[in-house]
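Undergrad: File my_file.csv follows (CSV, C-alpha atoms and all ligand atoms):
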chain,number,residue,atom,x,y,z
P,1,MET,CA,-125.7,-20.8,57.2
P,2,ILE,CA,-123.3,-22.4,54.7
P,3,PRO,CA,-120.1,-20.3,54.4
P,4,THR,CA,-118.4,-19.7,51.1
P,5,ILE,CA,-114.6,-19.6,50.8
P,6,THR,CA,-112.5,-18.5,47.8
P,7,ALA,CA,-109.8,-20.6,46.2
P,8,PHE,CA,-107.6,-20.5,43.1
P,9,GLU,CA,-109.4,-21.4,39.9
P,10,ARG,CA,-106.0,-22.8,38.9
P,11,SER,CA,-103.5,-23.3,41.7
P,12,PRO,CA,-99.8,-22.8,40.9
P,13,ASP,CA,-99.1,-26.2,42.5
P,14,GLY,CA,-101.8,-28.0,40.6
P,15,GLY,CA,-103.8,-28.5,43.7
P,16,LYS,CA,-101.2,-30.3,45.8
P,17,GLY,CA,-102.3,-28.7,49.0
P,18,LEU,CA,-99.9,-25.8,49.1
P,19,ALA,CA,-102.4,-23.0,48.4
P,20,ARG,CA,-103.7,-21.6,51.6
P,21,ASP,CA,-107.4,-22.5,51.0
P,22,THR,CA,-106.3,-26.0,52.0
P,23,ARG,CA,-105.8,-24.8,55.6
P,24,VAL,CA,-109.3,-23.4,55.7
P,25,ARG,CA,-110.9,-26.4,54.0
P,26,TRP,CA,-109.1,-28.6,56.5
P,27,ALA,CA,-110.4,-26.6,59.5
P,28,LEU,CA,-113.9,-26.8,58.0
P,29,GLU,CA,-113.6,-30.5,57.6
P,30,GLU,CA,-112.3,-31.0,61.1
P,31,VAL,CA,-115.4,-29.3,62.5
P,32,GLY,CA,-117.8,-30.9,60.1
P,33,GLN,CA,-119.0,-27.6,58.6
P,34,PRO,CA,-120.2,-27.9,55.0
P,35,TYR,CA,-119.0,-25.1,52.8
P,36,GLU,CA,-119.1,-23.7,49.3
P,37,VAL,CA,-116.2,-22.6,47.2
P,38,ARG,CA,-116.0,-19.7,44.8
P,39,LEU,CA,-113.1,-20.1,42.4
P,40,VAL,CA,-111.2,-17.0,41.4
P,41,SER,CA,-108.7,-16.3,38.6
P,42,PHE,CA,-105.5,-14.3,39.2
P,43,ALA,CA,-107.1,-11.4,37.4
P,44,GLY,CA,-110.4,-11.8,39.3
P,45,MET,CA,-108.4,-11.6,42.6
P,46,LYS,CA,-107.3,-8.1,41.7
P,47,ALA,CA,-110.8,-7.0,40.5
P,48,PRO,CA,-112.8,-4.5,42.6
P,49,GLY,CA,-115.4,-7.2,43.6
P,50,HIS,CA,-112.8,-9.4,45.3
P,51,MET,CA,-110.6,-6.5,46.5
P,52,ALA,CA,-113.7,-5.3,48.5
P,53,ILE,CA,-113.5,-8.5,50.6
P,54,HIS,CA,-109.7,-9.0,50.5
P,55,PRO,CA,-107.8,-5.7,50.6
P,56,PHE,CA,-104.6,-7.5,49.3
P,57,GLY,CA,-106.4,-9.3,46.4
P,58,GLN,CA,-105.6,-12.8,47.6
P,59,ILE,CA,-107.2,-16.1,48.5
P,60,PRO,CA,-108.6,-17.5,50.7
P,61,THR,CA,-111.5,-15.5,52.0
P,62,TYR,CA,-114.5,-16.6,54.1
P,63,GLU,CA,-118.0,-15.3,53.9
P,64,GLU,CA,-120.8,-16.2,56.2
P,65,GLY,CA,-123.8,-14.0,55.9
P,66,SER,CA,-122.6,-10.4,56.4
P,67,LEU,CA,-119.3,-11.6,57.9
P,68,CYS,CA,-116.4,-11.4,55.5
P,69,LEU,CA,-113.0,-12.6,56.7
P,70,PHE,CA,-109.5,-12.8,55.1
P,71,GLU,CA,-106.2,-14.2,56.5
P,72,THR,CA,-106.0,-17.9,57.1
P,73,GLY,CA,-105.1,-17.4,60.8
P,74,SER,CA,-108.2,-15.3,61.4
P,75,ILE,CA,-110.4,-17.8,59.5
P,76,VAL,CA,-109.1,-20.9,61.3
P,77,PHE,CA,-109.4,-19.0,64.6
P,78,HIS,CA,-113.0,-18.1,63.9
P,79,LEU,CA,-113.8,-21.7,63.1
P,80,ALA,CA,-111.9,-23.0,66.2
P,81,GLU,CA,-113.8,-20.5,68.4
P,82,ARG,CA,-117.2,-21.4,66.9
P,83,HIS,CA,-116.8,-25.2,67.1
P,84,ALA,CA,-115.7,-26.8,70.3
P,85,GLY,CA,-114.4,-29.8,68.3
P,86,LEU,CA,-111.0,-28.4,67.6
P,87,ARG,CA,-109.7,-27.9,71.2
P,88,ASP,CA,-110.4,-26.6,74.7
P,89,ALA,CA,-107.0,-25.3,75.7
P,90,ARG,CA,-107.8,-22.2,73.7
P,91,ALA,CA,-105.0,-19.8,74.7
P,92,ARG,CA,-102.3,-22.4,74.1
P,93,ALA,CA,-103.8,-23.4,70.8
P,94,ILE,CA,-103.9,-19.7,69.8
P,95,THR,CA,-100.2,-19.3,70.8
P,96,TRP,CA,-99.3,-22.2,68.4
P,97,MET,CA,-101.4,-20.7,65.6
P,98,PHE,CA,-99.4,-17.5,65.9
P,99,ALA,CA,-96.1,-19.3,66.2
P,100,ALA,CA,-96.9,-21.3,63.0
P,101,LEU,CA,-97.8,-18.1,61.0
P,102,ASN,CA,-95.4,-15.6,62.6
P,103,THR,CA,-92.4,-17.5,63.7
P,104,VAL,CA,-92.1,-20.7,61.6
P,105,GLU,CA,-93.6,-19.7,58.3
P,106,PRO,CA,-91.6,-16.5,57.5
P,107,PRO,CA,-88.2,-18.3,57.0
P,108,ILE,CA,-90.0,-21.0,55.0
P,109,LEU,CA,-91.5,-18.3,52.7
P,110,GLU,CA,-88.1,-16.8,52.4
P,111,LEU,CA,-86.8,-20.1,51.2
P,112,THR,CA,-89.6,-20.3,48.6
P,113,THR,CA,-88.7,-16.9,47.4
P,114,ALA,CA,-85.0,-17.7,47.2
P,115,ARG,CA,-85.5,-21.0,45.4
P,116,ILE,CA,-88.2,-19.8,42.9
P,117,PHE,CA,-88.1,-16.1,42.4
P,118,GLU,CA,-84.4,-15.4,42.9
P,119,ALA,CA,-83.0,-18.5,41.3
P,120,ASP,CA,-81.7,-16.6,38.3
P,121,ARG,CA,-79.8,-14.0,40.3
P,122,SER,CA,-76.0,-14.0,40.3
P,123,TRP,CA,-75.9,-14.1,44.2
P,124,SER,CA,-78.6,-16.8,44.5
P,125,GLU,CA,-76.3,-19.7,45.1
P,126,GLU,CA,-74.4,-17.9,47.8
P,127,ARG,CA,-77.5,-16.8,49.6
P,128,LEU,CA,-79.5,-20.1,49.5
P,129,PRO,CA,-77.4,-21.9,52.3
P,130,LEU,CA,-78.0,-18.9,54.6
P,131,VAL,CA,-81.7,-19.0,54.0
P,132,LYS,CA,-81.8,-22.8,54.6
P,133,ASP,CA,-79.9,-22.4,57.8
P,134,ARG,CA,-82.5,-19.9,59.0
P,135,VAL,CA,-85.2,-22.5,58.4
P,136,ARG,CA,-83.1,-25.2,60.2
P,137,ALA,CA,-82.7,-22.9,63.2
P,138,ARG,CA,-86.4,-22.8,63.6
P,139,LEU,CA,-86.9,-26.5,62.9
P,140,ASP,CA,-84.2,-27.4,65.5
P,141,GLN,CA,-86.2,-25.6,68.1
P,142,LEU,CA,-89.6,-26.9,67.0
P,143,SER,CA,-88.3,-30.5,66.8
P,144,ALA,CA,-86.7,-30.3,70.3
P,145,TYR,CA,-90.0,-29.0,71.7
P,146,LEU,CA,-92.2,-31.6,70.0
P,147,GLY,CA,-89.9,-34.5,70.9
P,148,ALA,CA,-91.8,-37.7,70.8
P,149,ALA,CA,-95.2,-36.1,71.3
P,150,GLU,CA,-98.0,-36.6,68.8
P,151,TRP,CA,-99.2,-33.0,68.8
P,152,LEU,CA,-97.9,-29.7,70.1
P,153,ASP,CA,-100.1,-29.5,73.1
P,154,GLY,CA,-101.8,-32.8,74.0
P,155,ALA,CA,-104.8,-33.3,71.7
P,156,PHE,CA,-104.8,-32.1,68.1
P,157,SER,CA,-105.6,-28.4,67.9
P,158,ALA,CA,-105.9,-25.5,65.4
P,159,GLY,CA,-102.3,-24.8,66.3
P,160,ASP,CA,-101.3,-28.2,64.8
P,161,LEU,CA,-103.5,-27.6,61.8
P,162,LEU,CA,-101.6,-24.4,60.9
P,163,MET,CA,-98.2,-25.7,61.9
P,164,VAL,CA,-98.5,-28.8,59.7
P,165,SER,CA,-99.8,-26.6,56.9
P,166,VAL,CA,-96.8,-24.4,57.2
P,167,LEU,CA,-94.3,-27.3,57.4
P,168,LEU,CA,-95.8,-29.0,54.4
P,169,ARG,CA,-94.4,-26.2,52.2
P,170,LEU,CA,-90.9,-27.4,53.0
P,171,ARG,CA,-91.3,-30.9,51.7
P,172,MET,CA,-90.0,-30.2,48.2
P,173,SER,CA,-86.8,-28.8,49.7
P,174,GLY,CA,-86.0,-32.1,51.5
P,175,ILE,CA,-85.3,-30.2,54.7
P,176,LEU,CA,-88.3,-31.6,56.5
P,177,ASP,CA,-86.8,-35.1,56.1
P,178,GLU,CA,-83.8,-34.1,58.2
P,179,TYR,CA,-86.2,-34.0,61.2
P,180,GLN,CA,-87.7,-37.4,61.7
P,181,ASN,CA,-90.2,-36.3,64.4
P,182,LEU,CA,-91.3,-33.3,62.3
P,183,ALA,CA,-91.7,-35.4,59.2
P,184,ALA,CA,-93.8,-37.9,61.2
P,185,TYR,CA,-95.8,-35.0,62.7
P,186,VAL,CA,-96.7,-33.7,59.2
P,187,ALA,CA,-97.6,-37.2,58.1
P,188,ARG,CA,-99.9,-37.6,61.1
P,189,GLY,CA,-101.6,-34.3,60.1
P,190,GLU,CA,-102.0,-35.5,56.5
P,191,ALA,CA,-103.4,-38.8,57.7
P,192,ARG,CA,-106.3,-37.1,59.3
P,193,PRO,CA,-109.5,-37.9,57.4
P,194,ALA,CA,-110.5,-34.2,57.4
P,195,TYR,CA,-107.2,-33.3,55.7
P,196,ALA,CA,-107.7,-36.0,53.1
P,197,ARG,CA,-111.1,-34.6,52.3
P,198,ALA,CA,-109.8,-31.0,52.1
P,199,PHE,CA,-106.9,-32.1,49.8
P,200,ALA,CA,-109.1,-34.2,47.6
P,201,ALA,CA,-111.6,-31.2,47.2
P,202,GLN,CA,-108.8,-28.8,46.2
P,203,PHE,CA,-107.1,-31.3,43.9
P,204,ALA,CA,-110.4,-32.1,42.1
P,205,VAL,CA,-110.8,-28.4,41.2
P,206,ASN,CA,-107.3,-28.3,39.6
P,207,ALA,CA,-107.5,-31.7,38.0
P,208,ALA,CA,-110.7,-30.6,36.3
P,209,SER,CA,-109.2,-27.4,34.9
P,301,LIG,N1,-101.3,-14.1,55.0
P,301,LIG,C1,-102.3,-14.5,54.0
P,301,LIG,C2,-101.5,-14.9,52.8
P,301,LIG,C3,-102.5,-15.2,51.6
P,301,LIG,C4,-101.7,-15.6,50.4
P,301,LIG,O1,-100.5,-15.4,50.2
P,301,LIG,N2,-102.5,-16.2,49.4
P,301,LIG,C5,-101.9,-16.6,48.2
P,301,LIG,C6,-102.3,-18.0,47.8
P,301,LIG,S1,-101.7,-19.2,49.0
P,301,LIG,C7,-102.4,-15.7,47.0
P,301,LIG,O2,-103.6,-15.4,47.0
P,301,LIG,N3,-101.5,-15.3,46.1
P,301,LIG,C8,-101.9,-14.6,44.9
P,301,LIG,C9,-101.5,-13.1,45.1
P,301,LIG,O3,-100.9,-12.7,46.1
P,301,LIG,O4,-101.7,-12.4,44.1
P,301,LIG,C10,-103.1,-15.7,54.6
P,301,LIG,O5,-102.6,-16.4,55.4
P,301,LIG,O6,-104.3,-15.8,54.2
As structure tokens - that is how I would like this structure written.
Ligand SMILES: N[C@@H](CCC(=O)N[C@@H](CS)C(=O)NCC(=O)O)C(=O)O

TA:
Amino acid sequence: MIPTITAFERSPDGGKGLARDTRVRWALEEVGQPYEVRLVSFAGMKAPGHMAIHPFGQIPTYEEGSLCLFETGSIVFHLAERHAGLRDARARAITWMFAALNTVEPPILELTTARIFEADRSWSEERLPLVKDRVRARLDQLSAYLGAAEWLDGAFSAGDLLMVSVLLRLRMSGILDEYQNLAAYVARGEARPAYARAFAAQFAVNAAS
């Protein structure tokens, strides 16, 4: 059965890979699973039809027959479980998936909030360095762990897929470039043919609109 995912009709980044449907598209491409996309507007995301499958009115979602999933971690996990292609060392890959979403992504999201949504506040300039330092604290640790390795745990895994997706959100800030090995790690992720297909599919939607 061909699954259907949801994505922004118009992504705020113009389809540059930052919306979270990219992670799901990437995982689908990695496992060679064809998929369909239902595009939703911001209003459509909060309409009852979409809220019935995503209680928080967001994208992406994943529908496969009677199975409806939301949360990128859960969707990538489902795909990794179903397709042996992503990785065998299941428990460690799952650990890295959680680390990407629960430990590394939160300070990165905080930085996005500080840079975009709080930029006009009087205290913004004073707070920004603190937020950046919290991001660096995590990247220091991640960079030390990765060292010169290609991926986090031997072969490429769903943990790498989510970690690269999370780190990509930092590129605009310039902080990623302070860590040579992490910048190279992200570039390796982006160089994967499956990522390129996912990016192109998402970009095409936004270029067309
Ligand atoms: N934790 C969720 C976050 C989902 C999320 O924040 N989606 C964003 C797009 S990247 C969204 O739908 N934003 C619109 C909104 O929240 O109204 C996941 O990983 O799936």

Undergrad: In Å, rounded to a single decimal, give me how far atom CA of Ser165 of chain P is from atom CA of Thr22 of chain P.

TA: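 Value for the atom CA of Thr22 of chain P-atom CA of Ser165 of chain P distance: 8.2 Å.
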
Undergrad: For Leu67 of chain P, find every residue with an atom within 12 Å (counting all atoms listed in the file), except residues of its own chain fewer than 4 positions away, and show them as a PyMOL selection string.

TA: chain P and resi 1-5+53+61-63+75+78

Undergrad: Enumerate, as a list in words, the protein, DNA and RNA residues whose atoms approach (-103.3, -31.8, 71.4) to within 12 Å, taking into account all atoms listed in the file and the coordinate frame of the file.

TA: Gly85, Leu86, Arg87, Asp88, Ala89, Arg90, Arg92, Ala93, Trp96, Leu146, Ala149, Glu150, Trp151, Leu152, Asp153, Gly154, Ala155, Phe156, Ser157, Ala158, Gly159, Asp160, Leu161, Tyr185 and Gly189 of chain P

Undergrad: Output C-alpha atoms of each residue in that selection to a file, as a PDB file, in the frame of the given file.

TA:
ATOM      1  CA  GLY P  85    -114.400 -29.800  68.300  1.00  0.00           C
ATOM      2  CA  LEU P  86    -111.000 -28.400  67.600  1.00  0.00           C
ATOM      3  CA  ARG P  87    -109.700 -27.900  71.200  1.00  0.00           C
ATOM      4  CA  ASP P  88    -110.400 -26.600  74.700  1.00  0.00           C
ATOM      5  CA  ALA P  89    -107.000 -25.300  75.700  1.00  0.00           C
ATOM      6  CA  ARG P  90    -107.800 -22.200  73.700  1.00  0.00           C
ATOM      7  CA  ARG P  92    -102.300 -22.400  74.100  1.00  0.00           C
ATOM      8  CA  ALA P  93    -103.800 -23.400  70.800  1.00  0.00           C
ATOM      9  CA  TRP P  96     -99.300 -22.200  68.400  1.00  0.00           C
ATOM     10  CA  LEU P 146     -92.200 -31.600  70.000  1.00  0.00           C
ATOM     11  CA  ALA P 149     -95.200 -36.100  71.300  1.00  0.00           C
ATOM     12  CA  GLU P 150     -98.000 -36.600  68.800  1.00  0.00           C
ATOM     13  CA  TRP P 151     -99.200 -33.000  68.800  1.00  0.00           C
ATOM     14  CA  LEU P 152     -97.900 -29.700  70.100  1.00  0.00           C
ATOM     15  CA  ASP P 153    -100.100 -29.500  73.100  1.00  0.00           C
ATOM     16  CA  GLY P 154    -101.800 -32.800  74.000  1.00  0.00           C
ATOM     17  CA  ALA P 155    -104.800 -33.300  71.700  1.00  0.00           C
ATOM     18  CA  PHE P 156    -104.800 -32.100  68.100  1.00  0.00           C
ATOM     19  CA  SER P 157    -105.600 -28.400  67.900  1.00  0.00           C
ATOM     20  CA  ALA P 158    -105.900 -25.500  65.400  1.00  0.00           C
ATOM     21  CA  GLY P 159    -102.300 -24.800  66.300  1.00  0.00           C
ATOM     22  CA  ASP P 160    -101.300 -28.200  64.800  1.00  0.00           C
ATOM     23  CA  LEU P 161    -103.500 -27.600  61.800  1.00  0.00           C
ATOM     24  CA  TYR P 185     -95.800 -35.000  62.700  1.00  0.00           C
ATOM     25  CA  GLY P 189    -101.600 -34.300  60.100  1.00  0.00           C
TER      26      GLY P 189
END

Undergrad: List every residue of chain P that has an atom at most 8 Å from any atom of ligand LIG 301 (chain P), and for each one report the closest atom pair and its distance in Å to one decimal, counting all atoms listed in the file, with rows sorted by chain and then by increasing residue number, as CSV.

TA:
residue,atom,partner,partner_atom,distance
P:Phe8,CA,P:LIG301,C6,7.5
P:Leu18,CA,P:LIG301,S1,6.8
P:Ala19,CA,P:LIG301,S1,3.9
P:Arg20,CA,P:LIG301,S1,4.1
P:Asp21,CA,P:LIG301,S1,6.9
P:Phe42,CA,P:LIG301,O4,6.5
P:Met45,CA,P:LIG301,O4,6.9
P:Lys46,CA,P:LIG301,O4,7.5
P:Phe56,CA,P:LIG301,O3,7.1
P:Gly57,CA,P:LIG301,O4,6.1
P:Gln58,CA,P:LIG301,O2,3.3
P:Ile59,CA,P:LIG301,O2,4.0
P:Pro60,CA,P:LIG301,O6,5.8
P:Thr61,CA,P:LIG301,O6,7.5
P:Phe70,CA,P:LIG301,O6,6.1
P:Glu71,CA,P:LIG301,O6,3.4
P:Thr72,CA,P:LIG301,O6,4.0
P:Gly73,CA,P:LIG301,O5,6.0
P:Leu101,CA,P:LIG301,O5,7.6

Undergrad: Check the smallest atom-to-atom distance from each of P:Ser124, P:Cys68, P:Ala137, P:Ala144 to Pro55 of chain P using all atoms listed in the file, then report the winner.

TA: P:Cys68

Undergrad: Listing only residues of segment 6-110 of chain P within 9 Å of segment 126-133 of chain P, what is the closest atom pair and its distance in Å (to one decimal) for each, using all atoms listed in the file, sorted by chain and residue number ascending, as a tab-separated table?

TA:
residue	atom	partner	partner_atom	distance
P:Pro107	CA	P:Val131	CA	7.2
P:Ile108	CA	P:Lys132	CA	8.4
P:Glu110	CA	P:Val131	CA	7.0

Undergrad: Just give me the gap between atom CA of Thr6 of chain P and atom CA of Val24 of chain P in Å, one decimal is fine.

TA: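 It comes out at 9.8 Å.
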
Undergrad: Just give me the residues with any atom within 9 Å of (-116.8, -22.0, 61.7), file coordinates, counting only C-alpha atoms, written as an MDAnalysis selection string.

TA: chainID P and resid 3 27:28 31 33 64 75:83

Undergrad: Between atom CA of Glu105 of chain P and atom CA of Leu167 of chain P, measure the distance and give it in Å to one decimal.

TA: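 Computed distance, atom CA of Glu105 of chain P to atom CA of Leu167 of chain P, equals 7.7 Å.
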
Undergrad: Which residue is closest to Gln141 of chain P? Choose from P:Val166, P:Arg10, P:Arg38, P:Thr103 and count only C-alpha atoms.

TA: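 The answer is P:Thr103, which sits nearest to Gln141 of chain P.
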
Undergrad: From the list P:Glu36, P:Ala148, P:Met163, P:Glu29, which residue is nearest Arg192 of chain P when using all atoms listed in the file?

TA: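 Answer, going by the shortest atom-to-atom distance: P:Glu29.
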
Undergrad: Looking at all atoms listed in the file, which of P:Leu162, P:Asn181, P:Arg138, P:Val186 is the one that sits closest to Ile94 of chain P?

TA: P:Leu162

Undergrad: Tell me which of P:Val37, P:Val104, P:Leu170, P:Val135 sits closest to Ala7 of chain P, counting only C-alpha atoms.

TA: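 Nearest candidate to Ala7 of chain P out of P:Val37, P:Val104, P:Leu170, P:Val135: P:Val37.
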
Undergrad: Rank P:Ala196, P:Leu69, P:Met172, P:Ala183 by their smallest atom-to-atom distance to Arg115 of chain P, using only C-alpha atoms, and report the top residue only.

TA: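 Smallest distance to Arg115 of chain P is found for P:Met172.
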